[in-house]
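A short worksheet on the structure shown next.
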Amino acid sequence: MNNFTPISSLVGGIIIGFSVVIFFYTTGRLAGISGIFANTILNKKNRISNLLFLIGLVIGPLFYFNISKVQINFEITNSIILISIAGFLVGLGTRMSGGCTSGHGICGISRFSIRSVIATITFIISGVVTVFILQNFGLHL
Amino acid sequence: MNDKIISLVCGIIFGIGLVISGMTNPAKVISFLSITHNWDASLIFVMGGAIIVTAPMFYLLRNNENSLLGNEFNFPKKTEISFKLVFGSILFGAGWGLIGLCPGPSISSIAVFNPLTLFFLLSMTLGILLNKYL
């Protein structure tokens, strides 16, 4: 494990947890990002506040970068085809299952929702299998 | 109005958490999913750290009806383990594993001004629309 960062990941997770807590306690809504993103597009109700949450997601890292001066690493494939397929699967899949890493993985598991536990285990296994296939059999798109 | 300010602030806090956790880097997410090759378990600490904070709150609020701003608490009521739940999660996991982006980090990564993320956000929107009209 070369790049293992347990401390900063734990601290980041706790900060994410506080965002979920403040958002739910005040607005009554769950901070599942795929849901907030989809509702911003599809749902008139709370559209502006959902959009503001998404804008906050962008401002947060910019703010952090300006204060800490730490470079944000962003390493991604340069295949536009692969990125587009991935985005499509993420959009379709999260809306079919009703949540993503935040909605099922954080909000759902912490409510002990069986649906979310099953969803989280399923998408992690699916992700592991996908990475395994890519690494071992290659897929050059 | 309060609702909008709180949404913006919570988004900012969430985004700061994501970037500190390292999850805004797709390569780091891929190394979590890469269990047979240089596995990086950090993502478990992100989820664990968040759940340590959120689980007690959900437990304490489980019998409350209204939030601070007077809205009803939106506790999901579905309990059915449906085909859509499992199949959707398989599709999501496949897309996540292909390049290492899930919805939160894909939006936060607008902050690094990489034009490639726009292709992700556009195709994610298409996937959402397809599900809506399927």
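Every chain in the structure tokens has a letter given in the order shown (A, B, ...), and although residue numbers restart at 1 in each chain, ligands are simply numbered from 1 in the order shown.
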Got a sec to tell me which of chain B DSSP assigns to alpha helix (DSSP H), as a tab-separated table (two decimals) with N, CA, C and O atoms, in the first residue's frame?
```tsv
chain	number	residue	atom	x	y	z
B	2	ASN	N	-32.83	30.72	4.33
B	2	ASN	CA	-31.91	29.97	5.19
B	2	ASN	C	-31.52	28.64	4.56
B	2	ASN	O	-30.38	28.21	4.62
B	3	ASP	N	-32.55	28.02	3.97
B	3	ASP	CA	-32.37	26.73	3.33
B	3	ASP	C	-31.29	26.80	2.24
B	3	ASP	O	-30.48	25.89	2.11
B	4	LYS	N	-31.27	27.89	1.50
B	4	LYS	CA	-30.31	28.03	0.41
B	4	LYS	C	-28.90	28.26	0.94
B	4	LYS	O	-27.93	27.68	0.44
B	5	ILE	N	-28.79	29.11	1.96
B	5	ILE	CA	-27.46	29.37	2.55
B	5	ILE	C	-26.89	28.08	3.13
B	5	ILE	O	-25.72	27.74	2.93
B	6	ILE	N	-27.76	27.34	3.85
B	6	ILE	CA	-27.30	26.09	4.45
B	6	ILE	C	-26.86	25.09	3.38
B	6	ILE	O	-25.84	24.41	3.53
B	7	SER	N	-27.62	25.02	2.28
B	7	SER	CA	-27.24	24.10	1.19
B	7	SER	C	-25.87	24.44	0.65
B	7	SER	O	-25.03	23.56	0.45
B	8	LEU	N	-25.64	25.74	0.43
B	8	LEU	CA	-24.34	26.17	-0.11
B	8	LEU	C	-23.21	25.82	0.88
B	8	LEU	O	-22.19	25.24	0.49
B	9	VAL	N	-23.44	26.15	2.15
B	9	VAL	CA	-22.41	25.89	3.17
B	9	VAL	C	-22.14	24.39	3.29
B	9	VAL	O	-20.98	23.95	3.35
B	10	CYS	N	-23.21	23.58	3.30
B	10	CYS	CA	-23.02	22.13	3.42
B	10	CYS	C	-22.28	21.58	2.20
B	10	CYS	O	-21.46	20.67	2.32
B	11	GLY	N	-22.58	22.12	1.01
B	11	GLY	CA	-21.86	21.71	-0.19
B	11	GLY	C	-20.38	22.03	-0.07
B	11	GLY	O	-19.52	21.21	-0.41
B	12	ILE	N	-20.09	23.23	0.45
B	12	ILE	CA	-18.69	23.64	0.62
B	12	ILE	C	-17.97	22.71	1.61
B	12	ILE	O	-16.87	22.21	1.33
B	13	ILE	N	-18.64	22.42	2.74
B	13	ILE	CA	-18.03	21.53	3.75
B	13	ILE	C	-17.79	20.14	3.13
B	13	ILE	O	-16.73	19.54	3.28
B	14	PHE	N	-18.80	19.64	2.42
B	14	PHE	CA	-18.70	18.32	1.79
B	14	PHE	C	-17.52	18.31	0.80
B	14	PHE	O	-16.72	17.37	0.78
B	15	GLY	N	-17.41	19.37	0.01
B	15	GLY	CA	-16.34	19.45	-0.99
B	15	GLY	C	-14.95	19.50	-0.34
B	15	GLY	O	-14.00	18.88	-0.83
B	16	ILE	N	-14.84	20.23	0.79
B	16	ILE	CA	-13.56	20.29	1.50
B	16	ILE	C	-13.23	18.90	2.05
B	16	ILE	O	-12.09	18.42	1.93
B	17	GLY	N	-14.24	18.22	2.60
B	17	GLY	CA	-14.03	16.86	3.10
B	17	GLY	C	-13.56	15.93	2.00
B	17	GLY	O	-12.63	15.14	2.19
B	18	LEU	N	-14.20	16.03	0.84
B	18	LEU	CA	-13.83	15.16	-0.28
B	18	LEU	C	-12.38	15.37	-0.68
B	18	LEU	O	-11.63	14.41	-0.90
B	19	VAL	N	-11.96	16.63	-0.77
B	19	VAL	CA	-10.61	16.89	-1.26
B	19	VAL	C	-9.57	16.50	-0.20
B	19	VAL	O	-8.53	15.92	-0.53
B	20	ILE	N	-9.87	16.74	1.08
B	20	ILE	CA	-8.93	16.31	2.14
B	20	ILE	C	-8.82	14.78	2.17
B	20	ILE	O	-7.74	14.22	2.35
B	21	SER	N	-9.96	14.11	1.94
B	21	SER	CA	-9.97	12.64	1.99
B	21	SER	C	-9.17	12.02	0.85
B	21	SER	O	-8.80	10.86	0.91
B	26	PRO	N	-9.28	10.42	-9.08
B	26	PRO	CA	-9.75	9.14	-9.60
B	26	PRO	C	-8.74	8.00	-9.41
B	26	PRO	O	-9.13	6.87	-9.12
B	27	ALA	N	-7.44	8.31	-9.55
B	27	ALA	CA	-6.42	7.26	-9.42
B	27	ALA	C	-6.44	6.64	-8.03
B	27	ALA	O	-6.18	5.45	-7.86
B	28	LYS	N	-6.78	7.45	-7.02
B	28	LYS	CA	-6.82	6.94	-5.64
B	28	LYS	C	-8.02	6.00	-5.45
B	28	LYS	O	-7.93	5.01	-4.72
B	29	VAL	N	-9.13	6.35	-6.09
B	29	VAL	CA	-10.31	5.48	-6.01
B	29	VAL	C	-10.03	4.16	-6.72
B	29	VAL	O	-10.38	3.08	-6.23
B	30	ILE	N	-9.37	4.25	-7.88
B	30	ILE	CA	-9.02	3.02	-8.61
B	30	ILE	C	-8.13	2.13	-7.75
B	30	ILE	O	-8.31	0.91	-7.72
B	31	SER	N	-7.18	2.74	-7.01
B	31	SER	CA	-6.31	1.87	-6.21
B	31	SER	C	-7.05	1.26	-5.03
B	31	SER	O	-6.66	0.21	-4.52
B	32	PHE	N	-8.16	1.86	-4.61
B	32	PHE	CA	-9.01	1.18	-3.60
B	32	PHE	C	-9.69	-0.05	-4.23
B	32	PHE	O	-9.80	-1.10	-3.60
B	33	LEU	N	-10.14	0.11	-5.47
B	33	LEU	CA	-10.85	-1.00	-6.12
B	33	LEU	C	-9.88	-2.06	-6.64
B	33	LEU	O	-10.30	-3.17	-7.01
B	42	SER	N	-7.67	3.44	1.76
B	42	SER	CA	-8.09	4.74	2.32
B	42	SER	C	-9.60	4.99	2.27
B	42	SER	O	-10.17	5.57	3.18
B	43	LEU	N	-10.25	4.55	1.18
B	43	LEU	CA	-11.68	4.85	1.02
B	43	LEU	C	-12.52	4.31	2.18
B	43	LEU	O	-13.52	4.92	2.56
B	44	ILE	N	-12.09	3.18	2.75
B	44	ILE	CA	-12.81	2.63	3.91
B	44	ILE	C	-12.78	3.63	5.07
B	44	ILE	O	-13.77	3.79	5.79
B	45	PHE	N	-11.64	4.33	5.22
B	45	PHE	CA	-11.52	5.32	6.30
B	45	PHE	C	-12.40	6.54	6.04
B	45	PHE	O	-12.89	7.16	6.98
B	46	VAL	N	-12.60	6.88	4.77
B	46	VAL	CA	-13.48	8.00	4.44
B	46	VAL	C	-14.92	7.65	4.85
B	46	VAL	O	-15.59	8.41	5.56
B	47	MET	N	-15.36	6.48	4.38
B	47	MET	CA	-16.73	6.07	4.71
B	47	MET	C	-16.89	5.87	6.21
B	47	MET	O	-17.89	6.29	6.80
B	48	GLY	N	-15.88	5.25	6.83
B	48	GLY	CA	-15.93	5.02	8.27
B	48	GLY	C	-15.99	6.33	9.04
B	48	GLY	O	-16.82	6.48	9.95
B	49	GLY	N	-15.14	7.29	8.67
B	49	GLY	CA	-15.12	8.59	9.35
B	49	GLY	C	-16.46	9.29	9.25
B	49	GLY	O	-16.96	9.86	10.23
B	50	ALA	N	-17.06	9.22	8.06
B	50	ALA	CA	-18.36	9.87	7.87
B	50	ALA	C	-19.44	9.17	8.70
B	50	ALA	O	-20.25	9.83	9.37
B	51	ILE	N	-19.42	7.84	8.68
B	51	ILE	CA	-20.47	7.08	9.37
B	51	ILE	C	-20.39	7.25	10.90
B	51	ILE	O	-21.42	7.33	11.58
B	52	ILE	N	-19.16	7.39	11.42
B	52	ILE	CA	-19.00	7.64	12.87
B	52	ILE	C	-19.79	8.89	13.27
B	52	ILE	O	-20.36	8.96	14.35
B	53	VAL	N	-19.80	9.88	12.38
B	53	VAL	CA	-20.50	11.14	12.69
B	53	VAL	C	-22.00	11.03	12.41
B	53	VAL	O	-22.83	11.50	13.20
B	54	THR	N	-22.36	10.38	11.28
B	54	THR	CA	-23.77	10.41	10.88
B	54	THR	C	-24.63	9.39	11.63
B	54	THR	O	-25.80	9.66	11.89
B	55	ALA	N	-24.07	8.22	11.95
B	55	ALA	CA	-24.90	7.17	12.57
B	55	ALA	C	-25.55	7.62	13.89
B	55	ALA	O	-26.75	7.41	14.08
B	56	PRO	N	-24.78	8.26	14.81
B	56	PRO	CA	-25.43	8.70	16.06
B	56	PRO	C	-26.55	9.70	15.81
B	56	PRO	O	-27.59	9.66	16.47
B	57	MET	N	-26.35	10.60	14.80
B	57	MET	CA	-27.40	11.59	14.53
B	57	MET	C	-28.68	10.91	14.04
B	57	MET	O	-29.77	11.21	14.52
B	58	PHE	N	-28.53	10.00	13.07
B	58	PHE	CA	-29.73	9.32	12.55
B	58	PHE	C	-30.43	8.56	13.67
B	58	PHE	O	-31.65	8.50	13.73
B	59	TYR	N	-29.63	7.99	14.59
B	59	TYR	CA	-30.22	7.23	15.70
B	59	TYR	C	-31.01	8.17	16.61
B	59	TYR	O	-32.15	7.91	16.97
B	60	LEU	N	-30.39	9.32	16.94
B	60	LEU	CA	-31.04	10.25	17.86
B	60	LEU	C	-32.29	10.88	17.25
B	60	LEU	O	-33.24	11.21	17.96
B	83	PHE	N	-34.84	-5.83	-8.03
B	83	PHE	CA	-33.92	-6.04	-9.15
B	83	PHE	C	-33.21	-4.73	-9.50
B	83	PHE	O	-32.01	-4.71	-9.73
B	84	LYS	N	-34.00	-3.63	-9.51
B	84	LYS	CA	-33.41	-2.34	-9.88
B	84	LYS	C	-32.30	-1.91	-8.92
B	84	LYS	O	-31.32	-1.31	-9.33
B	85	LEU	N	-32.48	-2.22	-7.64
B	85	LEU	CA	-31.47	-1.86	-6.64
B	85	LEU	C	-30.14	-2.56	-6.96
B	85	LEU	O	-29.09	-1.92	-7.00
B	86	VAL	N	-30.23	-3.85	-7.22
B	86	VAL	CA	-29.01	-4.64	-7.43
B	86	VAL	C	-28.42	-4.35	-8.81
B	86	VAL	O	-27.22	-4.10	-8.94
B	87	PHE	N	-29.28	-4.37	-9.83
B	87	PHE	CA	-28.78	-4.14	-11.19
B	87	PHE	C	-28.20	-2.73	-11.34
B	87	PHE	O	-27.14	-2.53	-11.93
B	88	GLY	N	-28.91	-1.74	-10.78
B	88	GLY	CA	-28.41	-0.36	-10.82
B	88	GLY	C	-27.05	-0.24	-10.13
B	88	GLY	O	-26.16	0.45	-10.62
B	89	SER	N	-26.89	-0.93	-9.00
B	89	SER	CA	-25.62	-0.88	-8.28
B	89	SER	C	-24.50	-1.53	-9.09
B	89	SER	O	-23.35	-1.07	-9.05
B	90	ILE	N	-24.84	-2.60	-9.82
B	90	ILE	CA	-23.83	-3.24	-10.69
B	90	ILE	C	-23.38	-2.25	-11.77
B	90	ILE	O	-22.18	-2.08	-12.02
B	91	LEU	N	-24.35	-1.58	-12.41
B	91	LEU	CA	-24.01	-0.60	-13.46
B	91	LEU	C	-23.17	0.54	-12.88
B	91	LEU	O	-22.16	0.93	-13.45
B	92	PHE	N	-23.60	1.05	-11.73
B	92	PHE	CA	-22.86	2.15	-11.10
B	92	PHE	C	-21.43	1.72	-10.79
B	92	PHE	O	-20.46	2.42	-11.09
B	93	GLY	N	-21.28	0.52	-10.18
B	93	GLY	CA	-19.95	0.03	-9.83
B	93	GLY	C	-19.06	-0.12	-11.05
B	93	GLY	O	-17.86	0.19	-11.01
B	94	ALA	N	-19.64	-0.57	-12.16
B	94	ALA	CA	-18.86	-0.74	-13.39
B	94	ALA	C	-18.37	0.61	-13.89
B	94	ALA	O	-17.20	0.77	-14.25
B	95	GLY	N	-19.25	1.60	-13.89
B	95	GLY	CA	-18.86	2.95	-14.34
B	95	GLY	C	-17.82	3.56	-13.42
B	95	GLY	O	-16.86	4.20	-13.85
B	96	TRP	N	-18.00	3.34	-12.13
B	96	TRP	CA	-17.09	3.85	-11.10
B	96	TRP	C	-15.70	3.23	-11.29
B	96	TRP	O	-14.68	3.93	-11.25
B	97	GLY	N	-15.67	1.92	-11.53
B	97	GLY	CA	-14.40	1.21	-11.69
B	97	GLY	C	-13.69	1.55	-13.00
B	97	GLY	O	-12.47	1.47	-13.09
B	98	LEU	N	-14.46	1.91	-14.03
B	98	LEU	CA	-13.84	2.21	-15.33
B	98	LEU	C	-12.83	3.35	-15.22
B	98	LEU	O	-11.75	3.29	-15.79
B	99	ILE	N	-13.22	4.42	-14.51
B	99	ILE	CA	-12.31	5.58	-14.47
B	99	ILE	C	-12.07	6.15	-13.06
B	99	ILE	O	-11.21	6.99	-12.88
B	103	PRO	N	-20.44	10.36	-8.35
B	103	PRO	CA	-21.05	11.68	-8.53
B	103	PRO	C	-20.42	12.82	-7.73
B	103	PRO	O	-20.15	13.90	-8.31
B	104	GLY	N	-20.16	12.65	-6.43
B	104	GLY	CA	-19.60	13.76	-5.63
B	104	GLY	C	-18.28	14.27	-6.20
B	104	GLY	O	-18.17	15.44	-6.57
B	105	PRO	N	-17.28	13.40	-6.28
B	105	PRO	CA	-15.98	13.84	-6.82
B	105	PRO	C	-16.06	14.35	-8.26
B	105	PRO	O	-15.29	15.24	-8.64
B	106	SER	N	-17.00	13.82	-9.06
B	106	SER	CA	-17.08	14.29	-10.45
B	106	SER	C	-17.49	15.76	-10.49
B	106	SER	O	-17.03	16.52	-11.34
B	107	ILE	N	-18.34	16.17	-9.54
B	107	ILE	CA	-18.75	17.58	-9.50
B	107	ILE	C	-17.64	18.42	-8.87
B	107	ILE	O	-17.27	19.48	-9.41
B	108	SER	N	-17.07	17.94	-7.76
B	108	SER	CA	-15.98	18.70	-7.12
B	108	SER	C	-14.80	18.89	-8.07
B	108	SER	O	-14.08	19.88	-7.98
B	116	LEU	N	-11.94	17.06	-19.36
B	116	LEU	CA	-12.44	15.69	-19.47
B	116	LEU	C	-13.64	15.44	-18.55
B	116	LEU	O	-14.52	14.65	-18.87
B	117	THR	N	-13.67	16.12	-17.37
B	117	THR	CA	-14.78	15.88	-16.45
B	117	THR	C	-16.11	16.33	-17.05
B	117	THR	O	-17.15	15.81	-16.68
B	118	LEU	N	-16.06	17.28	-17.98
B	118	LEU	CA	-17.32	17.74	-18.58
B	118	LEU	C	-17.98	16.61	-19.38
B	118	LEU	O	-19.21	16.49	-19.40
B	119	PHE	N	-17.16	15.77	-20.02
B	119	PHE	CA	-17.71	14.62	-20.74
B	119	PHE	C	-18.40	13.67	-19.76
B	119	PHE	O	-19.45	13.10	-20.06
B	120	PHE	N	-17.79	13.52	-18.58
B	120	PHE	CA	-18.39	12.66	-17.56
B	120	PHE	C	-19.73	13.23	-17.11
B	120	PHE	O	-20.74	12.52	-17.06
B	121	LEU	N	-19.74	14.53	-16.79
B	121	LEU	CA	-20.97	15.14	-16.27
B	121	LEU	C	-22.09	15.11	-17.32
B	121	LEU	O	-23.26	14.86	-16.99
B	122	LEU	N	-21.73	15.31	-18.58
B	122	LEU	CA	-22.72	15.29	-19.65
B	122	LEU	C	-23.31	13.89	-19.82
B	122	LEU	O	-24.53	13.71	-19.90
B	123	SER	N	-22.44	12.88	-19.85
B	123	SER	CA	-22.95	11.52	-20.04
B	123	SER	C	-23.68	11.03	-18.79
B	123	SER	O	-24.63	10.25	-18.89
B	124	MET	N	-23.26	11.49	-17.61
B	124	MET	CA	-24.00	11.14	-16.39
B	124	MET	C	-25.42	11.70	-16.46
B	124	MET	O	-26.39	11.03	-16.10
B	125	THR	N	-25.54	12.93	-16.97
B	125	THR	CA	-26.87	13.54	-17.15
B	125	THR	C	-27.72	12.71	-18.12
B	125	THR	O	-28.91	12.49	-17.88
B	126	LEU	N	-27.10	12.24	-19.21
B	126	LEU	CA	-27.84	11.39	-20.17
B	126	LEU	C	-28.33	10.12	-19.49
B	126	LEU	O	-29.46	9.69	-19.71
B	127	GLY	N	-27.47	9.51	-18.67
B	127	GLY	CA	-27.87	8.29	-17.94
B	127	GLY	C	-29.05	8.56	-17.02
B	127	GLY	O	-29.99	7.75	-16.93
B	128	ILE	N	-29.02	9.72	-16.34
B	128	ILE	CA	-30.12	10.09	-15.43
B	128	ILE	C	-31.41	10.27	-16.23
B	128	ILE	O	-32.48	9.80	-15.83
B	129	LEU	N	-31.30	10.93	-17.39
B	129	LEU	CA	-32.49	11.18	-18.22
B	129	LEU	C	-33.04	9.85	-18.77
B	129	LEU	O	-34.25	9.65	-18.82
B	130	LEU	N	-32.13	8.94	-19.17
B	130	LEU	CA	-32.59	7.65	-19.69
B	130	LEU	C	-33.37	6.90	-18.63
B	130	LEU	O	-34.44	6.34	-18.90
B	131	ASN	N	-32.88	6.92	-17.38
B	131	ASN	CA	-33.59	6.23	-16.30
B	131	ASN	C	-34.97	6.84	-16.09
B	131	ASN	O	-35.95	6.13	-15.85
B	132	LYS	N	-35.03	8.16	-16.21
B	132	LYS	CA	-36.29	8.87	-16.00
B	132	LYS	C	-37.34	8.45	-17.04
B	132	LYS	O	-38.51	8.29	-16.73
B	133	TYR	N	-36.90	8.29	-18.30
B	133	TYR	CA	-37.88	8.03	-19.35
B	133	TYR	C	-37.90	6.57	-19.78
B	133	TYR	O	-38.51	6.22	-20.79
```
As a compact mmCIF listing (two decimals) with all heavy atoms, in the first residue's frame, please: the residues near Ser116 in chain A (cut-off 10 Å, only C-alpha atoms, same-chain neighbours under 3 positions excluded).
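Everything below was put into selection03.txt:
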```
# COMPACT_ATOMS: atom_id res chain seq x y z
N SER A 97 -30.71 2.48 -8.76
CA SER A 97 -30.57 1.91 -7.41
C SER A 97 -30.90 2.93 -6.33
O SER A 97 -31.01 2.59 -5.17
CB SER A 97 -29.15 1.39 -7.21
OG SER A 97 -28.25 2.47 -7.10
N GLY A 98 -31.06 4.20 -6.71
CA GLY A 98 -31.48 5.23 -5.76
C GLY A 98 -30.38 5.78 -4.88
O GLY A 98 -30.66 6.34 -3.81
N GLY A 99 -29.11 5.64 -5.30
CA GLY A 99 -28.07 6.23 -4.47
C GLY A 99 -26.68 5.89 -4.95
O GLY A 99 -26.49 4.98 -5.74
N CYS A 100 -25.70 6.66 -4.45
CA CYS A 100 -24.31 6.42 -4.85
C CYS A 100 -23.47 6.19 -3.60
O CYS A 100 -23.98 5.72 -2.58
CB CYS A 100 -23.79 7.60 -5.67
SG CYS A 100 -23.87 9.18 -4.82
N THR A 101 -22.22 6.55 -3.66
CA THR A 101 -21.31 6.34 -2.53
C THR A 101 -21.76 7.12 -1.30
O THR A 101 -21.62 6.65 -0.18
CB THR A 101 -19.88 6.77 -2.93
OG1 THR A 101 -19.83 6.84 -4.36
CG2 THR A 101 -18.86 5.79 -2.46
N GLY A 103 -25.11 8.53 -0.88
CA GLY A 103 -26.49 8.21 -0.52
C GLY A 103 -26.64 6.83 0.12
O GLY A 103 -27.23 6.69 1.19
N HIS A 104 -26.13 5.80 -0.56
CA HIS A 104 -26.18 4.46 0.01
C HIS A 104 -25.02 4.21 0.97
O HIS A 104 -25.20 3.72 2.08
CB HIS A 104 -26.12 3.39 -1.10
CG HIS A 104 -27.44 3.15 -1.79
ND1 HIS A 104 -28.60 2.92 -1.08
CD2 HIS A 104 -27.77 3.09 -3.10
CE1 HIS A 104 -29.60 2.73 -1.96
NE2 HIS A 104 -29.12 2.84 -3.18
N GLY A 105 -23.81 4.58 0.52
CA GLY A 105 -22.59 4.21 1.25
C GLY A 105 -22.47 4.91 2.60
O GLY A 105 -22.00 4.31 3.56
N ILE A 106 -22.87 6.18 2.68
CA ILE A 106 -22.74 6.90 3.96
C ILE A 106 -24.11 7.05 4.64
O ILE A 106 -24.33 6.52 5.72
CB ILE A 106 -22.08 8.28 3.76
CG1 ILE A 106 -20.63 8.09 3.29
CG2 ILE A 106 -22.12 9.10 5.05
CD1 ILE A 106 -19.92 9.36 2.86
N CYS A 107 -25.05 7.74 3.97
CA CYS A 107 -26.35 8.00 4.62
C CYS A 107 -27.08 6.69 4.92
O CYS A 107 -27.61 6.48 6.01
CB CYS A 107 -27.23 8.87 3.73
SG CYS A 107 -26.55 10.51 3.44
N GLY A 108 -27.11 5.78 3.94
CA GLY A 108 -27.88 4.54 4.08
C GLY A 108 -27.29 3.61 5.12
O GLY A 108 -27.99 3.11 6.00
N ILE A 109 -25.98 3.38 5.02
CA ILE A 109 -25.35 2.45 5.97
C ILE A 109 -25.48 2.97 7.39
O ILE A 109 -25.74 2.22 8.32
CB ILE A 109 -23.87 2.20 5.59
CG1 ILE A 109 -23.81 1.33 4.32
CG2 ILE A 109 -23.12 1.51 6.73
CD1 ILE A 109 -22.43 0.92 3.90
N SER A 110 -25.35 4.30 7.57
CA SER A 110 -25.41 4.81 8.94
C SER A 110 -26.83 4.79 9.51
O SER A 110 -27.03 4.96 10.70
CB SER A 110 -24.79 6.21 9.04
OG SER A 110 -25.40 7.09 8.15
N ARG A 111 -27.83 4.56 8.65
CA ARG A 111 -29.20 4.33 9.16
C ARG A 111 -29.49 2.84 9.27
O ARG A 111 -30.61 2.43 9.51
CB ARG A 111 -30.24 4.97 8.22
CG ARG A 111 -30.19 6.48 8.14
CD ARG A 111 -31.35 7.01 7.29
NE ARG A 111 -31.37 6.40 5.96
CZ ARG A 111 -32.28 5.52 5.55
NH1 ARG A 111 -33.26 5.15 6.34
NH2 ARG A 111 -32.20 5.03 4.34
N PHE A 112 -28.47 2.01 9.01
CA PHE A 112 -28.61 0.56 9.03
C PHE A 112 -29.67 0.08 8.04
O PHE A 112 -30.42 -0.86 8.32
CB PHE A 112 -28.91 0.03 10.44
CG PHE A 112 -27.89 0.48 11.45
CD1 PHE A 112 -28.19 1.48 12.36
CD2 PHE A 112 -26.62 -0.07 11.46
CE1 PHE A 112 -27.24 1.92 13.28
CE2 PHE A 112 -25.66 0.36 12.38
CZ PHE A 112 -25.98 1.36 13.29
N SER A 113 -29.73 0.73 6.87
CA SER A 113 -30.67 0.32 5.84
C SER A 113 -30.11 -0.90 5.10
O SER A 113 -29.01 -0.86 4.56
CB SER A 113 -30.88 1.47 4.85
OG SER A 113 -31.21 0.97 3.58
N ALA A 119 -26.70 -2.48 -1.67
CA ALA A 119 -26.26 -1.65 -2.80
C ALA A 119 -24.76 -1.38 -2.70
O ALA A 119 -24.03 -1.51 -3.69
CB ALA A 119 -27.04 -0.34 -2.82
N THR A 120 -24.28 -1.01 -1.50
CA THR A 120 -22.87 -0.65 -1.34
C THR A 120 -21.96 -1.86 -1.61
O THR A 120 -20.97 -1.74 -2.33
CB THR A 120 -22.62 -0.09 0.08
OG1 THR A 120 -23.52 0.98 0.31
CG2 THR A 120 -21.19 0.41 0.23
N ILE A 121 -22.32 -3.00 -1.05
CA ILE A 121 -21.51 -4.21 -1.30
C ILE A 121 -21.51 -4.52 -2.80
O ILE A 121 -20.47 -4.83 -3.38
CB ILE A 121 -22.07 -5.41 -0.49
CG1 ILE A 121 -21.84 -5.17 1.00
CG2 ILE A 121 -21.42 -6.72 -0.93
CD1 ILE A 121 -22.55 -6.18 1.91
N THR A 122 -22.68 -4.38 -3.43
CA THR A 122 -22.78 -4.70 -4.86
C THR A 122 -21.94 -3.75 -5.71
O THR A 122 -21.20 -4.21 -6.58
CB THR A 122 -24.26 -4.62 -5.32
OG1 THR A 122 -25.05 -5.44 -4.45
CG2 THR A 122 -24.42 -5.11 -6.75
N THR B 79 -38.07 -0.60 1.58
CA THR B 79 -37.31 -1.68 2.22
C THR B 79 -37.08 -2.84 1.26
O THR B 79 -36.31 -3.75 1.56
CB THR B 79 -38.04 -2.22 3.46
OG1 THR B 79 -39.38 -2.53 3.08
CG2 THR B 79 -38.05 -1.20 4.59
N ILE B 81 -35.80 -5.28 -1.51
CA ILE B 81 -34.55 -5.55 -2.22
C ILE B 81 -34.94 -5.89 -3.66
O ILE B 81 -35.24 -7.04 -3.98
CB ILE B 81 -33.78 -6.73 -1.59
CG1 ILE B 81 -33.65 -6.56 -0.07
CG2 ILE B 81 -32.40 -6.88 -2.24
CD1 ILE B 81 -32.97 -5.29 0.36
N LEU B 85 -32.48 -2.22 -7.64
CA LEU B 85 -31.47 -1.86 -6.64
C LEU B 85 -30.14 -2.56 -6.96
O LEU B 85 -29.09 -1.92 -7.00
CB LEU B 85 -31.94 -2.26 -5.24
CG LEU B 85 -30.93 -1.98 -4.12
CD1 LEU B 85 -30.93 -0.51 -3.73
CD2 LEU B 85 -31.21 -2.83 -2.89
N SER B 89 -26.89 -0.93 -9.00
CA SER B 89 -25.62 -0.88 -8.28
C SER B 89 -24.50 -1.53 -9.09
O SER B 89 -23.35 -1.07 -9.05
CB SER B 89 -25.74 -1.58 -6.92
OG SER B 89 -26.69 -0.90 -6.12
```
Selection near range 133-139 of chain A, 9 Å with only C-alpha atoms, sequence-local residues under 2 positions removed, as a list in words: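 Non-adjacent residues within range: Val128, Val129, Thr130, Val131 and Leu141 of chain A; Ser34, His37, Gly97 and Leu98 of chain B.
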Produce a table with one row for each residue of range 24-86 of chain B that has an atom at most 10 Å from any atom of range 24-44 of chain A, each row naming the nearest atom pair and its distance in Å at one decimal; use only C-alpha atoms; arrange rows by chain and rising residue number; format as CSV.
```
residue,atom,partner,partner_atom,distance
B:Thr54,CA,A:Phe24,CA,9.6
B:Met57,CA,A:Tyr25,CA,8.4
B:Phe58,CA,A:Phe24,CA,9.0
B:Leu61,CA,A:Tyr25,CA,8.3
B:Glu65,CA,A:Gly28,CA,9.1
B:Asn66,CA,A:Gly28,CA,7.1
B:Ser67,CA,A:Gly28,CA,5.1
B:Leu68,CA,A:Thr26,CA,4.5
B:Leu69,CA,A:Thr26,CA,5.5
B:Gly70,CA,A:Thr27,CA,7.7
B:Asn71,CA,A:Gly28,CA,5.8
B:Glu72,CA,A:Gly28,CA,5.9
B:Phe73,CA,A:Gly28,CA,4.2
B:Asn74,CA,A:Arg29,CA,5.4
B:Phe75,CA,A:Leu30,CA,8.0
B:Pro76,CA,A:Leu30,CA,9.1
```
Any chance you can output those residues with C-alpha atoms as an mmCIF file, in the first residue's frame?
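So result-v7.cif came out as:
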```
data_model
loop_
_atom_site.group_PDB
_atom_site.id
_atom_site.type_symbol
_atom_site.label_atom_id
_atom_site.label_comp_id
_atom_site.auth_asym_id
_atom_site.auth_seq_id
_atom_site.Cartn_x
_atom_site.Cartn_y
_atom_site.Cartn_z
ATOM 1 C CA THR B 54 -23.771 10.405 10.876
ATOM 2 C CA MET B 57 -27.400 11.588 14.528
ATOM 3 C CA PHE B 58 -29.732 9.325 12.553
ATOM 4 C CA LEU B 61 -33.419 11.746 15.282
ATOM 5 C CA GLU B 65 -40.658 14.459 12.766
ATOM 6 C CA ASN B 66 -39.472 17.894 11.773
ATOM 7 C CA SER B 67 -36.105 19.397 10.959
ATOM 8 C CA LEU B 68 -34.802 22.682 12.341
ATOM 9 C CA LEU B 69 -36.281 24.574 9.374
ATOM 10 C CA GLY B 70 -39.621 22.842 9.887
ATOM 11 C CA ASN B 71 -39.483 20.367 7.002
ATOM 12 C CA GLU B 72 -40.434 16.759 7.494
ATOM 13 C CA PHE B 73 -37.409 14.448 7.905
ATOM 14 C CA ASN B 74 -36.985 12.649 4.636
ATOM 15 C CA PHE B 75 -36.253 9.123 5.884
ATOM 16 C CA PRO B 76 -36.408 6.741 2.910
#
```
